Amino acid sequence: MTRDDTERDRINASTTDSTRTIELSAGGFTPDTEVITATGPTRVSELSAGDYVYTLDPVTRLARLKPVTGVQRVTYDGDLVAVETNRCNIHVHPDHRMVCRTIGQDELAIRTAETIDDYEHYKLANEWRTISGDRLAEVDITDLLDDYEMCVEADVHGHTFRRRLPDGCDPVRRNGTVGYCFDPETFKTHQDAIESLPADVSIHAGLNHHRRPYRFDGDDFVEFLGWFIAEGSTTWPDSSDTVQVQIAQQDETHRQVIADLRVS
């Protein structure tokens with residue numbers, strides 16, 4: 001832990017549960033700090049009352065969604081505490097409450113950032129349990145996107161395949177001599193009919209883009225998202241119109257786990 005005396009705004013938010021309201025407390029994040037919300041990582045400066053954020057119960061170690069009841073922005077010109085970890089660096093107000101434990105200590109403790117010793121080896125609460133729910137059996141990314149093109153390569157001649165399509169299922173163009181391409185609206189309207197025919201169906205962004213699978217095992221997809229959120233990044237090469245996804249991982253065992261995920 002180190003000190004940072006740069007003048008910054010301090011964001012302070014409170015959440016509520018079914019039994020009590022937690023008042024705005026001392027402490028707070030800098031505006032650019034991201035927290036995990038119901039819709040993904042969001043800067044605290046962009047939070048509003050009613051947004052749902054994930055909070056940790058230090059006793060049960062269950063991560064739960066709780067609504068934000070208020071956001072307070074104040075100007076602070078004192079020292080901030082810089083928390084530097086292997087996965088993230090954040091700056092917090094000295095009175096900010098940190099959930100952590102030292103090496104060899106299993107129980108989580110809540111300490112203010114100011115009372116955490118410089119350069120002491122602490123572990124933040126990055127291992128938690130979630131509430132069990134229905135398994136996500138499969139992910140169809142056409143349910144999540146609205147700008148794409150579906151490519152169908154049939155096992156029969158293109159005209160034969162076309163005659164088997166239902167009325168109104170009109171392709172936007174030919175896909176070689178044995179298939180067709182469909183826009184999102186047509187594909188979603190007639191998805192069951194298209195997928196029932198003997199054909200290979202894939203997705204791409206448009207002409208000159210690689211074709212990819214669009215259905216994925218639910219467990220593998222969620223695990224891949226976890227790896228990407230923790231260790232991933234994206235780049236747009238000058239020589240390509242397709243984004244490249246990269247996941248940094250030094251552990252050879254973990255690299256193999258990522259490589260074995262059925263998401264490509």
# chains A, B, ... in the order shown; residues from 1 in each chain; ligands from 1
call {"tool": "residues_around", "arguments": {"residues": "A:Phe216", "least_positions_apart": "4", "cutoff": "8 Å", "atoms": "only C-alpha atoms", "output": "PyMOL selection string"}}
result
chain A and resi 138-140+220-221+262-263
call {"tool": "write_last_selection", "arguments": {"atoms": "C-alpha atoms", "output": "tab-separated table (two decimals), in the first residue's frame"}}
result
chain	number	residue	atom	x	y	z
A	138	GLU	CA	-26.06	-22.98	-24.27
A	139	VAL	CA	-25.32	-19.46	-25.48
A	140	ASP	CA	-26.56	-18.31	-28.88
A	220	ASP	CA	-17.46	-22.78	-21.32
A	221	PHE	CA	-18.80	-19.40	-22.44
A	262	ARG	CA	-15.15	-24.59	-26.67
A	263	VAL	CA	-15.59	-20.93	-27.58
call {"tool": "residues_around", "arguments": {"residues": "A:Asn175", "least_positions_apart": "3", "cutoff": "8 Å", "atoms": "only C-alpha atoms", "output": "list of chain:residue names"}}
result
A:Cys151, A:Val152, A:Glu153, A:Val178, A:Gly179, A:Tyr180, A:Cys181
call {"tool": "atom_distance", "arguments": {"atom1": "atom CA of A:Ile103", "atom2": "atom CA of A:Val35"}}
result
25.2 Å
call {"tool": "atom_distance", "arguments": {"atom1": "atom CA of A:Ile247", "atom2": "atom CA of A:Phe228"}}
result
6.1 Å
call {"tool": "closest_residue", "arguments": {"among": "A:Gly50, A:Thr42, A:Asp95, A:Gly78", "to": "A:Ala26", "atoms": "only C-alpha atoms"}}
result
A:Asp95
call {"tool": "select_by_dssp", "arguments": {"residues": "stretch 7-210 of chain A", "states": "strand (DSSP E or B)", "output": "ChimeraX atom specification"}}
result
/A:8-16,21,29,34-37,40-43,52-56,62-76,80-84,89-92,97-102,109-112,122-124,129-130,138-140,149-154,173-174,179-182,199-204
call {"tool": "residues_around", "arguments": {"residues": "A:Glu34", "least_positions_apart": "5", "cutoff": "6 Å", "atoms": "only C-alpha atoms", "output": "JSON, numbers by chain"}}
result
{"A": [41, 42, 43, 44]}
call {"tool": "write_last_selection", "arguments": {"atoms": "C-alpha atoms", "output": "mmCIF file, in the first residue's frame"}}
result
data_model
loop_
_atom_site.group_PDB
_atom_site.id
_atom_site.type_symbol
_atom_site.label_atom_id
_atom_site.label_comp_id
_atom_site.auth_asym_id
_atom_site.auth_seq_id
_atom_site.Cartn_x
_atom_site.Cartn_y
_atom_site.Cartn_z
ATOM 1 C CA PRO A 41 -18.022 -3.185 -15.268
ATOM 2 C CA THR A 42 -19.069 0.452 -14.725
ATOM 3 C CA ARG A 43 -17.157 3.492 -13.485
ATOM 4 C CA VAL A 44 -18.419 4.666 -10.118
#
call {"tool": "atom_distance", "arguments": {"atom1": "atom CA of A:Phe29", "atom2": "atom CA of A:His96"}}
result
8.0 Å
call {"tool": "decode", "arguments": {"residues": "stretch 67-87 of chain A", "atoms": "C-alpha atoms", "output": "PDB file, in the first residue's frame"}}
result
ATOM      1  CA  PRO A  67     -29.353  -1.569  -5.479  1.00  0.00           C
ATOM      2  CA  VAL A  68     -27.429   1.678  -5.098  1.00  0.00           C
ATOM      3  CA  THR A  69     -29.445   4.053  -2.894  1.00  0.00           C
ATOM      4  CA  GLY A  70     -27.317   7.143  -3.448  1.00  0.00           C
ATOM      5  CA  VAL A  71     -24.114   8.501  -5.000  1.00  0.00           C
ATOM      6  CA  GLN A  72     -22.177  11.326  -3.369  1.00  0.00           C
ATOM      7  CA  ARG A  73     -19.429  13.292  -5.124  1.00  0.00           C
ATOM      8  CA  VAL A  74     -17.068  15.367  -2.998  1.00  0.00           C
ATOM      9  CA  THR A  75     -13.758  17.098  -3.667  1.00  0.00           C
ATOM     10  CA  TYR A  76     -10.903  15.733  -1.593  1.00  0.00           C
ATOM     11  CA  ASP A  77      -7.412  17.286  -1.533  1.00  0.00           C
ATOM     12  CA  GLY A  78      -5.696  15.017   0.981  1.00  0.00           C
ATOM     13  CA  ASP A  79      -3.613  11.884   0.532  1.00  0.00           C
ATOM     14  CA  LEU A  80      -5.177   8.867  -1.154  1.00  0.00           C
ATOM     15  CA  VAL A  81      -4.183   5.267  -0.491  1.00  0.00           C
ATOM     16  CA  ALA A  82      -2.945   3.435  -3.585  1.00  0.00           C
ATOM     17  CA  VAL A  83      -3.853  -0.252  -3.435  1.00  0.00           C
ATOM     18  CA  GLU A  84      -1.669  -2.219  -5.838  1.00  0.00           C
ATOM     19  CA  THR A  85      -2.440  -5.878  -6.564  1.00  0.00           C
ATOM     20  CA  ASN A  86      -1.523  -8.387  -9.252  1.00  0.00           C
ATOM     21  CA  ARG A  87      -4.840  -7.798 -11.020  1.00  0.00           C
TER      22      ARG A  87
END
